[in-house]
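Trainee: Sending over a structure as structure tokens; questions will come in a sec.
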Amino acid sequence: MAPIYMDHHATTPVDPRVLEAMLPWFTEKFGNAASRTHAFGWEASKAVERAREQVAALIHADPSEIVLTSGATESDNLAIKGCPGPGRIVTVVTEHKAVLDSGDSVKCEVLRLPVRPDGLLDLDGLRRALDMPARLVSVMFANNEIGVIQPVAEIGAICRERGVVFHTDAAQACGKVPVDVRAMDIHLLSMSAHKMYGPKGVGALYVRKRDPRVRLTALIDGGGHENGLRSGTLPVPLVVGFGAACEIAAREMESESARVLALRERLRRRILETIEYAAVNGSLERRVPGNLNMSFAYVEGESLILSLGDVAVSSGSACTSAKLEPSYVLHALGVDEPLARASIRFGLGRGNTEEEVDRVVGLLGKAVARLREISPLYPGPEKSRANSGVSG
Ligand SMILES: *Cc1c(COP(=O)(O)O)cnc(C)c1O
């Protein structure tokens, strides 16, 4: 059986159209975009500026506000470590490690706000936190494990009112849901190409230029590229691919989101119809179309992932699942440890089909049934179902 990829939060394949746009920039058109004295450089620079426009258009920014980086990890580092004080950093317990660990390395107080059981930030809690001086609020747009979409526009409005810089890690949101840095009062925004069918190793930080102008300190010094905010020769092929991926996403987001959402809902419905003691983690309503995170009670988590064999899913984020520790994101939602271990993150995307969804439901049902058979804790079929035949 061909393996099935349902881990699009970890990474996505490069769209063939993106690869095609990239290829000439490795060989015939190899110039350094910073070479100002000849046509090789001018040509590369023109391609970079076109890509910058494509990236900016996806988030309704001005091209001059796009700082190209190596990916969302670097963008998060630049936003958080580069944001000058005074005041503390306010963030959220369910953030990506690139945000949490960057905050920890800054010599200032960091407040990590809790989330509600649905994974969303409590806005009154944020308002209260901002009664103390803060330099930066960092709240992710869409979560990489449970897919929930934070109330970004509301958070932006609160930050504007309090005069605090607002950063959002939008690696899981860009290209999946509409993002508008102006309408949402976002000051800093992290993007990653490989989460949206572009190449690995390139991304961007949006840095607002007016109302207000946000000032950052560079982390990487050198030739003064990217307005002095990120020195280093630009990887022109990757940048061109990132731009192409953004343009495709902008054009196809609506139809693709509808298609992926239908697949996600088919997956969720069939699981709930055929597998007992299954529950969705995090808000279902405020969620990116491709994400489904579910817990299966009375099964041993690692055995569940392993017994799925040829289905590529994850038990958490790609980085934390290597450690075989239960997800800190699910813990923050109040999911207990055995259940957090027995959770699966499905990440549906551009290449998935209905047939794949149905095959995954079948394999999952068999695996869960087998593991429950050997579980000393499994209490037998759910009573309500046995009595009424109600499902899900
Ligand atoms: C993938 C991801 C990152 C890291 O992005 P890279 O481009 O791989 O460095 C950061 N934040 C979130 C929310 C992500 O999903």
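By order of appearance in the structure tokens: chains A, B, ..., then residues from 1 within every chain, and ligands from 1 in the order shown.
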Produce as a count of residues only the set of residues near ligand 1, where near means within 10 Å with only C-alpha atoms and all ligand atoms considered.

Mentor: 47

Trainee: Could you please write out, as a PDB file with C-alpha atoms, in the first residue's frame, every residue of stretch 19-225 of chain A that DSSP assigns to helix (DSSP H, G or I)?

Mentor:
```pdb
ATOM      1  CA  LEU A  19       9.290  24.153  -8.606  1.00  0.00           C
ATOM      2  CA  GLU A  20       8.949  25.156 -12.239  1.00  0.00           C
ATOM      3  CA  ALA A  21       9.192  28.834 -11.296  1.00  0.00           C
ATOM      4  CA  MET A  22      12.305  28.131  -9.206  1.00  0.00           C
ATOM      5  CA  LEU A  23      14.375  26.030 -11.613  1.00  0.00           C
ATOM      6  CA  PRO A  24      15.877  28.701 -13.919  1.00  0.00           C
ATOM      7  CA  TRP A  25      17.182  30.579 -10.877  1.00  0.00           C
ATOM      8  CA  ALA A  39      22.668  42.476 -15.554  1.00  0.00           C
ATOM      9  CA  PHE A  40      23.061  39.162 -13.667  1.00  0.00           C
ATOM     10  CA  GLY A  41      22.465  41.005 -10.412  1.00  0.00           C
ATOM     11  CA  TRP A  42      19.698  43.236 -11.774  1.00  0.00           C
ATOM     12  CA  GLU A  43      17.807  40.238 -13.100  1.00  0.00           C
ATOM     13  CA  ALA A  44      18.026  38.420  -9.752  1.00  0.00           C
ATOM     14  CA  SER A  45      17.065  41.549  -7.861  1.00  0.00           C
ATOM     15  CA  LYS A  46      14.024  42.031 -10.088  1.00  0.00           C
ATOM     16  CA  ALA A  47      12.907  38.446  -9.408  1.00  0.00           C
ATOM     17  CA  VAL A  48      13.310  38.967  -5.664  1.00  0.00           C
ATOM     18  CA  GLU A  49      11.276  42.163  -5.753  1.00  0.00           C
ATOM     19  CA  ARG A  50       8.506  40.454  -7.705  1.00  0.00           C
ATOM     20  CA  ALA A  51       8.443  37.637  -5.125  1.00  0.00           C
ATOM     21  CA  ARG A  52       8.376  40.221  -2.344  1.00  0.00           C
ATOM     22  CA  GLU A  53       5.266  41.720  -3.943  1.00  0.00           C
ATOM     23  CA  GLN A  54       3.615  38.282  -4.123  1.00  0.00           C
ATOM     24  CA  VAL A  55       4.389  37.598  -0.457  1.00  0.00           C
ATOM     25  CA  ALA A  56       3.138  41.042   0.603  1.00  0.00           C
ATOM     26  CA  ALA A  57      -0.071  40.688  -1.406  1.00  0.00           C
ATOM     27  CA  LEU A  58      -1.050  37.500   0.434  1.00  0.00           C
ATOM     28  CA  ILE A  59      -1.131  39.352   3.780  1.00  0.00           C
ATOM     29  CA  PRO A  63       6.424  44.930  -0.256  1.00  0.00           C
ATOM     30  CA  SER A  64       8.818  47.230   1.632  1.00  0.00           C
ATOM     31  CA  GLU A  65       7.516  45.717   4.883  1.00  0.00           C
ATOM     32  CA  ALA A  72       9.291  31.082  10.577  1.00  0.00           C
ATOM     33  CA  THR A  73      11.757  30.030  13.286  1.00  0.00           C
ATOM     34  CA  GLU A  74      14.117  32.817  12.307  1.00  0.00           C
ATOM     35  CA  SER A  75      11.237  35.271  11.893  1.00  0.00           C
ATOM     36  CA  ASP A  76      10.001  34.478  15.409  1.00  0.00           C
ATOM     37  CA  ASN A  77      13.522  34.932  16.781  1.00  0.00           C
ATOM     38  CA  LEU A  78      13.928  38.281  15.015  1.00  0.00           C
ATOM     39  CA  ALA A  79      10.531  39.567  16.178  1.00  0.00           C
ATOM     40  CA  ILE A  80      11.034  38.585  19.803  1.00  0.00           C
ATOM     41  CA  LYS A  81      14.760  39.033  20.391  1.00  0.00           C
ATOM     42  CA  LYS A  97       8.772  26.509  20.658  1.00  0.00           C
ATOM     43  CA  ALA A  98      10.389  29.100  18.368  1.00  0.00           C
ATOM     44  CA  VAL A  99       8.394  31.762  20.222  1.00  0.00           C
ATOM     45  CA  LEU A 100       8.596  30.299  23.729  1.00  0.00           C
ATOM     46  CA  ASP A 101      12.329  29.586  23.628  1.00  0.00           C
ATOM     47  CA  SER A 102      13.097  32.956  22.008  1.00  0.00           C
ATOM     48  CA  GLY A 103      11.196  34.671  24.821  1.00  0.00           C
ATOM     49  CA  ASP A 104      13.149  32.710  27.413  1.00  0.00           C
ATOM     50  CA  SER A 105      16.447  33.888  25.981  1.00  0.00           C
ATOM     51  CA  LEU A 123      -9.172  38.374  25.972  1.00  0.00           C
ATOM     52  CA  ASP A 124      -9.966  39.710  29.455  1.00  0.00           C
ATOM     53  CA  GLY A 125      -6.899  37.886  30.726  1.00  0.00           C
ATOM     54  CA  LEU A 126      -4.849  39.614  28.028  1.00  0.00           C
ATOM     55  CA  ARG A 127      -6.290  43.029  28.947  1.00  0.00           C
ATOM     56  CA  ARG A 128      -5.425  42.470  32.614  1.00  0.00           C
ATOM     57  CA  ALA A 129      -1.905  41.348  31.697  1.00  0.00           C
ATOM     58  CA  VAL A 152      -6.204  37.930  16.078  1.00  0.00           C
ATOM     59  CA  ALA A 153      -8.123  41.082  15.074  1.00  0.00           C
ATOM     60  CA  GLU A 154      -9.414  41.503  18.639  1.00  0.00           C
ATOM     61  CA  ILE A 155      -5.917  41.008  20.052  1.00  0.00           C
ATOM     62  CA  GLY A 156      -4.607  43.546  17.535  1.00  0.00           C
ATOM     63  CA  ALA A 157      -7.203  46.096  18.623  1.00  0.00           C
ATOM     64  CA  ILE A 158      -6.309  45.600  22.293  1.00  0.00           C
ATOM     65  CA  CYS A 159      -2.593  46.021  21.536  1.00  0.00           C
ATOM     66  CA  ARG A 160      -3.231  49.168  19.497  1.00  0.00           C
ATOM     67  CA  GLU A 161      -5.285  50.644  22.352  1.00  0.00           C
ATOM     68  CA  ARG A 162      -2.457  49.917  24.819  1.00  0.00           C
ATOM     69  CA  ALA A 193       7.193  28.877   2.679  1.00  0.00           C
ATOM     70  CA  HIS A 194       7.333  25.131   3.335  1.00  0.00           C
ATOM     71  CA  LYS A 195       4.037  25.155   5.225  1.00  0.00           C
TER      72      LYS A 195
END
```

Trainee: Tell me, as a ChimeraX atom specification, which residues lie within 8 Å of A:Glu276, counting only C-alpha atoms; anything in the same chain fewer than 4 positions away does not count.

Mentor: /A:272,381-382

Trainee: Would you write out those residues with N, CA and C atoms, as an mmCIF file, in the first residue's frame?

Mentor:
```cif
data_model
loop_
_atom_site.group_PDB
_atom_site.id
_atom_site.type_symbol
_atom_site.label_atom_id
_atom_site.label_comp_id
_atom_site.auth_asym_id
_atom_site.auth_seq_id
_atom_site.Cartn_x
_atom_site.Cartn_y
_atom_site.Cartn_z
ATOM 1 N N LEU A 272 -16.063 9.557 14.220
ATOM 2 C CA LEU A 272 -17.028 9.572 15.319
ATOM 3 C C LEU A 272 -18.124 8.533 15.118
ATOM 4 N N PRO A 381 -18.059 -1.397 25.183
ATOM 5 C CA PRO A 381 -18.744 -0.413 24.337
ATOM 6 C C PRO A 381 -19.472 0.651 25.162
ATOM 7 N N GLU A 382 -19.565 1.852 24.585
ATOM 8 C CA GLU A 382 -20.268 2.950 25.248
ATOM 9 C C GLU A 382 -21.735 2.580 25.409
#
```

Trainee: Looking at only C-alpha atoms, which of A:Leu189, A:Cys174, A:Ala297, A:Ile146 is the one that sits closest to A:Ala250?

Mentor: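 So, comparing all the options, the nearest one is A:Cys174.
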
Trainee: Find the distance between atom CA of A:Pro235 and atom CA of A:Ala34 and write it in Å to one decimal.

Mentor: 11.0 Å

Trainee: Residues within 12 Å of A:Tyr277, please, as a ChimeraX atom specification. Count only C-alpha atoms; anything in the same chain fewer than 5 positions from it doesn't count.

Mentor: /A:271-272,294-299,339,342-343,365,368-369,372,378-385,391-392

Trainee: Selected residues, N, CA and C atoms, written as a PDB file, in the first residue's frame, please.

Mentor:
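The resulting part-v6.pdb:
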```pdb
ATOM      1  N   ILE A 271     -14.904   9.035  11.716  1.00  0.00           N
ATOM      2  CA  ILE A 271     -14.255   8.560  12.939  1.00  0.00           C
ATOM      3  C   ILE A 271     -15.281   8.497  14.063  1.00  0.00           C
ATOM      4  N   LEU A 272     -16.063   9.557  14.220  1.00  0.00           N
ATOM      5  CA  LEU A 272     -17.028   9.572  15.319  1.00  0.00           C
ATOM      6  C   LEU A 272     -18.124   8.533  15.118  1.00  0.00           C
ATOM      7  N   MET A 294      -7.464  14.614  17.474  1.00  0.00           N
ATOM      8  CA  MET A 294      -8.415  13.811  18.240  1.00  0.00           C
ATOM      9  C   MET A 294      -7.718  12.895  19.230  1.00  0.00           C
ATOM     10  N   SER A 295      -8.396  12.669  20.352  1.00  0.00           N
ATOM     11  CA  SER A 295      -7.906  11.733  21.364  1.00  0.00           C
ATOM     12  C   SER A 295      -8.757  10.479  21.341  1.00  0.00           C
ATOM     13  N   PHE A 296      -8.094   9.337  21.581  1.00  0.00           N
ATOM     14  CA  PHE A 296      -8.780   8.045  21.607  1.00  0.00           C
ATOM     15  C   PHE A 296      -8.513   7.407  22.966  1.00  0.00           C
ATOM     16  N   ALA A 297      -9.548   7.381  23.788  1.00  0.00           N
ATOM     17  CA  ALA A 297      -9.379   6.865  25.142  1.00  0.00           C
ATOM     18  C   ALA A 297      -9.127   5.359  25.123  1.00  0.00           C
ATOM     19  N   TYR A 298      -8.467   4.873  26.168  1.00  0.00           N
ATOM     20  CA  TYR A 298      -8.195   3.436  26.373  1.00  0.00           C
ATOM     21  C   TYR A 298      -7.293   2.822  25.309  1.00  0.00           C
ATOM     22  N   VAL A 299      -6.448   3.647  24.706  1.00  0.00           N
ATOM     23  CA  VAL A 299      -5.405   3.052  23.875  1.00  0.00           C
ATOM     24  C   VAL A 299      -4.078   3.674  24.286  1.00  0.00           C
ATOM     25  N   LEU A 339      -4.592  10.535  27.846  1.00  0.00           N
ATOM     26  CA  LEU A 339      -5.386  10.924  26.682  1.00  0.00           C
ATOM     27  C   LEU A 339      -4.546  11.781  25.722  1.00  0.00           C
ATOM     28  N   ALA A 342      -2.553   9.594  23.706  1.00  0.00           N
ATOM     29  CA  ALA A 342      -3.351   8.853  22.726  1.00  0.00           C
ATOM     30  C   ALA A 342      -4.079   9.817  21.792  1.00  0.00           C
ATOM     31  N   SER A 343      -3.352  10.839  21.343  1.00  0.00           N
ATOM     32  CA  SER A 343      -3.944  11.842  20.454  1.00  0.00           C
ATOM     33  C   SER A 343      -3.242  11.803  19.115  1.00  0.00           C
ATOM     34  N   GLY A 365      -9.671   2.556  12.795  1.00  0.00           N
ATOM     35  CA  GLY A 365     -10.668   1.777  13.524  1.00  0.00           C
ATOM     36  C   GLY A 365     -10.109   0.431  13.950  1.00  0.00           C
ATOM     37  N   VAL A 368      -7.365   0.941  16.725  1.00  0.00           N
ATOM     38  CA  VAL A 368      -7.934   1.299  18.031  1.00  0.00           C
ATOM     39  C   VAL A 368      -8.596   0.070  18.657  1.00  0.00           C
ATOM     40  N   ALA A 369      -9.351  -0.697  17.855  1.00  0.00           N
ATOM     41  CA  ALA A 369     -10.032  -1.877  18.384  1.00  0.00           C
ATOM     42  C   ALA A 369      -9.027  -2.889  18.935  1.00  0.00           C
ATOM     43  N   ARG A 372      -7.522  -1.643  22.200  1.00  0.00           N
ATOM     44  CA  ARG A 372      -8.475  -1.670  23.317  1.00  0.00           C
ATOM     45  C   ARG A 372      -8.670  -3.103  23.818  1.00  0.00           C
ATOM     46  N   TYR A 378     -10.051  -0.660  29.363  1.00  0.00           N
ATOM     47  CA  TYR A 378     -11.185  -0.492  28.441  1.00  0.00           C
ATOM     48  C   TYR A 378     -12.461  -1.047  29.050  1.00  0.00           C
ATOM     49  N   PRO A 379     -13.495  -0.204  29.221  1.00  0.00           N
ATOM     50  CA  PRO A 379     -14.711  -0.648  29.908  1.00  0.00           C
ATOM     51  C   PRO A 379     -15.729  -1.335  29.006  1.00  0.00           C
ATOM     52  N   GLY A 380     -15.435  -1.534  27.752  1.00  0.00           N
ATOM     53  CA  GLY A 380     -16.421  -2.109  26.833  1.00  0.00           C
ATOM     54  C   GLY A 380     -17.151  -1.001  26.092  1.00  0.00           C
ATOM     55  N   PRO A 381     -18.059  -1.397  25.183  1.00  0.00           N
ATOM     56  CA  PRO A 381     -18.744  -0.413  24.337  1.00  0.00           C
ATOM     57  C   PRO A 381     -19.472   0.651  25.162  1.00  0.00           C
ATOM     58  N   GLU A 382     -19.565   1.852  24.585  1.00  0.00           N
ATOM     59  CA  GLU A 382     -20.268   2.950  25.248  1.00  0.00           C
ATOM     60  C   GLU A 382     -21.735   2.580  25.409  1.00  0.00           C
ATOM     61  N   LYS A 383     -22.275   2.790  26.619  1.00  0.00           N
ATOM     62  CA  LYS A 383     -23.652   2.356  26.917  1.00  0.00           C
ATOM     63  C   LYS A 383     -24.678   3.097  26.076  1.00  0.00           C
ATOM     64  N   SER A 384     -24.487   4.439  26.001  1.00  0.00           N
ATOM     65  CA  SER A 384     -25.491   5.244  25.308  1.00  0.00           C
ATOM     66  C   SER A 384     -25.675   4.753  23.881  1.00  0.00           C
ATOM     67  N   ARG A 385     -24.578   4.314  23.270  1.00  0.00           N
ATOM     68  CA  ARG A 385     -24.668   3.835  21.895  1.00  0.00           C
ATOM     69  C   ARG A 385     -25.409   2.520  21.839  1.00  0.00           C
ATOM     70  N   SER A 391     -24.867   7.835  17.273  1.00  0.00           N
ATOM     71  CA  SER A 391     -23.434   7.869  16.996  1.00  0.00           C
ATOM     72  C   SER A 391     -22.939   9.302  16.874  1.00  0.00           C
ATOM     73  N   GLY A 392     -21.834   9.560  17.532  1.00  0.00           N
ATOM     74  CA  GLY A 392     -21.135  10.818  17.391  1.00  0.00           C
ATOM     75  C   GLY A 392     -21.916  12.019  17.853  1.00  0.00           C
TER      76      GLY A 392
END
```

Trainee: Could you please determine the separation between atom CA of A:Val18 and atom CA of A:Val236 in Å, to one decimal place?

Mentor: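 Between atom CA of A:Val18 and atom CA of A:Val236 the gap works out to 13.1 Å.
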
Trainee: Quick one, how far is atom CA of A:Thr353 from atom CA of A:Val148?

Mentor: 22.9 Å

Trainee: Write out as a PDB file with C-alpha atoms, in the first residue's frame the set of residues from stretch 6-191 of chain A that DSSP, computed on the backbone, places in strand (DSSP E or B).

Mentor:
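The resulting file, result.pdb, is reproduced below:
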```pdb
ATOM      1  CA  ASP A   7       0.954  15.579   8.246  1.00  0.00           C
ATOM      2  CA  ILE A  66       8.633  42.160   4.009  1.00  0.00           C
ATOM      3  CA  VAL A  67      11.951  40.997   5.502  1.00  0.00           C
ATOM      4  CA  LEU A  68      13.022  37.717   3.905  1.00  0.00           C
ATOM      5  CA  THR A  69      14.393  35.125   6.344  1.00  0.00           C
ATOM      6  CA  ARG A  88       7.841  42.456  29.568  1.00  0.00           C
ATOM      7  CA  ILE A  89       6.875  40.021  26.826  1.00  0.00           C
ATOM      8  CA  VAL A  90       3.353  38.622  26.964  1.00  0.00           C
ATOM      9  CA  THR A  91       2.730  35.367  25.143  1.00  0.00           C
ATOM     10  CA  VAL A  92       0.666  32.174  25.441  1.00  0.00           C
ATOM     11  CA  VAL A 110       8.012  36.738  30.059  1.00  0.00           C
ATOM     12  CA  LEU A 111       4.376  36.130  30.939  1.00  0.00           C
ATOM     13  CA  ARG A 112       2.772  33.039  29.395  1.00  0.00           C
ATOM     14  CA  LEU A 113      -1.003  33.369  29.450  1.00  0.00           C
ATOM     15  CA  VAL A 115      -5.763  29.193  27.249  1.00  0.00           C
ATOM     16  CA  LEU A 121      -6.947  32.977  24.516  1.00  0.00           C
ATOM     17  CA  ALA A 134       4.800  45.329  27.957  1.00  0.00           C
ATOM     18  CA  ARG A 135       7.144  45.643  24.983  1.00  0.00           C
ATOM     19  CA  LEU A 136       5.536  42.908  22.933  1.00  0.00           C
ATOM     20  CA  VAL A 137       2.522  40.632  22.736  1.00  0.00           C
ATOM     21  CA  SER A 138       3.124  37.427  20.753  1.00  0.00           C
ATOM     22  CA  ALA A 142      -3.257  29.303  14.039  1.00  0.00           C
ATOM     23  CA  VAL A 148      -7.308  26.680  16.464  1.00  0.00           C
ATOM     24  CA  ILE A 149      -7.406  30.231  15.155  1.00  0.00           C
ATOM     25  CA  VAL A 165       3.723  45.872  19.577  1.00  0.00           C
ATOM     26  CA  PHE A 166       1.759  42.809  18.392  1.00  0.00           C
ATOM     27  CA  HIS A 167       3.557  39.833  16.815  1.00  0.00           C
ATOM     28  CA  THR A 168       1.792  36.792  15.425  1.00  0.00           C
ATOM     29  CA  ASP A 169       3.314  33.548  14.171  1.00  0.00           C
ATOM     30  CA  LEU A 188       4.979  41.766  13.125  1.00  0.00           C
ATOM     31  CA  LEU A 189       4.027  38.502  11.379  1.00  0.00           C
ATOM     32  CA  SER A 190       6.042  35.318  10.770  1.00  0.00           C
ATOM     33  CA  MET A 191       5.638  33.225   7.615  1.00  0.00           C
TER      34      MET A 191
END
```

Trainee: Nearest residue to A:Ser35 out of A:Val360, A:Ile220, A:Leu234, A:Val240, using only C-alpha atoms?

Mentor: A:Leu234

Trainee: Can you list, as a list in words, every protein, DNA or RNA residue that comes within 12 Å of A:Arg213 when you count only C-alpha atoms, leaving out same-chain residues fewer than 3 positions away?

Mentor: Glu65, Gly163, Val165, Ile186, His187, Leu188, Tyr206, Val207, Arg208, Lys209, Arg210 and Leu216 of chain A

Trainee: Between A:Leu333, A:Val260, A:Leu304, A:Val280, single out the one closest to A:Gly349, counting only C-alpha atoms.

Mentor: A:Val260
